[in-house]
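Chemist: Sending over a structure as structure tokens; questions will come in a sec.
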Amino acid sequence: MKLSQPRQRLALGLGLATSAAILCSTVLAAAQDGQPAQGTMKTSTASSGSTEVTTGTFDAAKQSNEANDATEAKLQLGALLSTGNARSLASTASGSMRLRRGANELSAIVAANYARSAATPAADTQTTMENYQGKLRYDRFVTQNVSLFLSLSGRRDRFQGLDARLNLDPGLAYYFIAEEKQRLWGELGYDLQYDLRRDEAIAVAAEKGTILGKTKSRHSARGFLGYHTNVNEHVGFDTGAELLLGIPATENWRVNWLSSLTTALDSRFSLGATFNLRYDHNPLPGVEKLDTVTSMNLICTLY
């Protein structure tokens, strides 16, 4: 969903403030408990609630000292409907799975985001957000704190001018903290990006005097830092930032940042509130550099 630059700056400020407030509240809540967190939430009660799956933010393998065998599957849904003077409809949905056997882990996730709105009661609604995403990742733990991984992701995004964007990411993950109640880890690797551009985006660029090809490949160095903590057995907080630096075209750099707070309602249902930021320093002509998404989701753990 595209915003003017002042609104983008406001959204960014709100996202920073929200994340800071969430982090402060988790610290205060832990202090008020008067005891350490009760360990990692069971897989049936926690999820990041994210509607972005191609940024690599929360898809890292779980800490390697948990049970060797694990099977997970989750669904999450979110929606907003407004009628009358201001008409809008926004929806988000995703599904994920994780399979762990010994030192090997496989995870997959798919997601879709869609929104329509009208500025006045008499106006027709128009699509303001539409994207579909998917990601597949394999991790092989070589030690308790080190894993080698390979991930493949895809994205179709109308408002980023993309019929398809494919990313191939091999790399190494290191867990600085791999405890039951918290994780701190970093990743280093390589990113190969292949874009298949929409004809509308190519036409807009031509009107601005820029000739674009139908396809484009980018090579980047990738770095990521993530953190997860549990306030108690019901509340968890995640945040992570990813930097992609173009090789050798360093002007092609991107930043992805995602923060999430989850609260378990019972053994199967939880609520997730997330803020996602995506910044592309060198986007297609006519495409804004900054996108932000704030969402609230109901998460159902299937098993």
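Ligands are numbered from 1 in the order shown, residues from 1 within each chain, and chains are lettered A, B, ... in the order they appear in the structure tokens.
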For Leu148 of chain A, please output as a list in words all residues within 7 Å (counting only C-alpha atoms; exclusion window: fewer than 4 positions along the same chain).

Modeler: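 Within the cut-off, the hits are Asp139, Arg140, Phe141, Gly171, Leu172 and Ala173 of chain A.
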
Chemist: When you draw a straight line from atom CA of Lys214 of chain A to atom CA of Arg197 of chain A, how long is it in Å?

Modeler: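 Atom CA of Arg197 of chain A lies at a distance of 5.4 Å from atom CA of Lys214 of chain A.
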
Chemist: For each of A:Leu284, A:Thr262, A:Ala115, A:Cys300, take the minimum atom-to-atom distance to Leu81 of chain A, counting only C-alpha atoms, then give the residue where this is smallest.

Modeler: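 Of A:Leu284, A:Thr262, A:Ala115, A:Cys300, the one nearest Leu81 of chain A, counting only C-alpha atoms, is A:Ala115.
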
Chemist: Which is closest to Met97 of chain A among A:Ala201, A:Leu136, A:Ile299, A:Ile211, if we use only C-alpha atoms?

Modeler: A:Leu136

Chemist: Assign secondary structure with DSSP using the backbone only, and return the residues of segment 71-270 of chain A in helix (DSSP H, G or I) as a list in words.

Modeler: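 So, restricting segment 71-270 of chain A to helix (DSSP H, G or I), we get Arg158, Phe159, Gln160, Asp199, Glu200, Ala201, Ile202, Ala203, Val204, Ala205, Ala206 and Glu207 of chain A.
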
Chemist: Using only C-alpha atoms, which of A:Leu188, A:Leu290, A:Ala79, A:Val142 sits nearest Asn104 of chain A?

Modeler: A:Val142

Chemist: Pick out the closest residue to Leu265 of chain A from this set: A:Ser153, A:Thr128, A:Thr301, A:Gln193. Count only C-alpha atoms.

Modeler: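 For Leu265 of chain A, the nearest of the given residues is A:Thr301.
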
Chemist: Tell me which protein, DNA and RNA residues are within 6 Å of Gly272 of chain A, counting only C-alpha atoms, leaving out same-chain ones fewer than 5 positions away, and put them as number ranges by chain.

Modeler: A: 49, 261-262, 296-297

Chemist: Using only C-alpha atoms, which of the listed residues (A:Leu298, A:Leu77, A:Val231, A:Leu225) sits closest to Leu184 of chain A?

Modeler: A:Leu225

Chemist: Among segment 74-246 of chain A, which residues carry a DSSP assignment of strand (DSSP E), reported as a ChimeraX atom specification?

Modeler: /A:74-82,87-101,104-118,126-141,146-157,162-178,182-197,215-230,235-246

Chemist: With only C-alpha atoms as the basis for distance, which of A:Arg218, A:Arg278, A:Arg183, A:Lys74 is at the shortest distance from Ser94 of chain A?

Modeler: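 Ranked by minimum distance to Ser94 of chain A, first place goes to A:Lys74.
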
Chemist: One number please: atom CA of Gly246 of chain A to atom CA of Leu168 of chain A, in Å, one decimal.

Modeler: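 Separation of atom CA of Gly246 of chain A and atom CA of Leu168 of chain A: 14.3 Å.
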
Chemist: May I have the residues within 7 Å of Asn167 of chain A as a count of residues only, using only C-alpha atoms and disregarding those fewer than 5 positions away in the same chain?

Modeler: 7
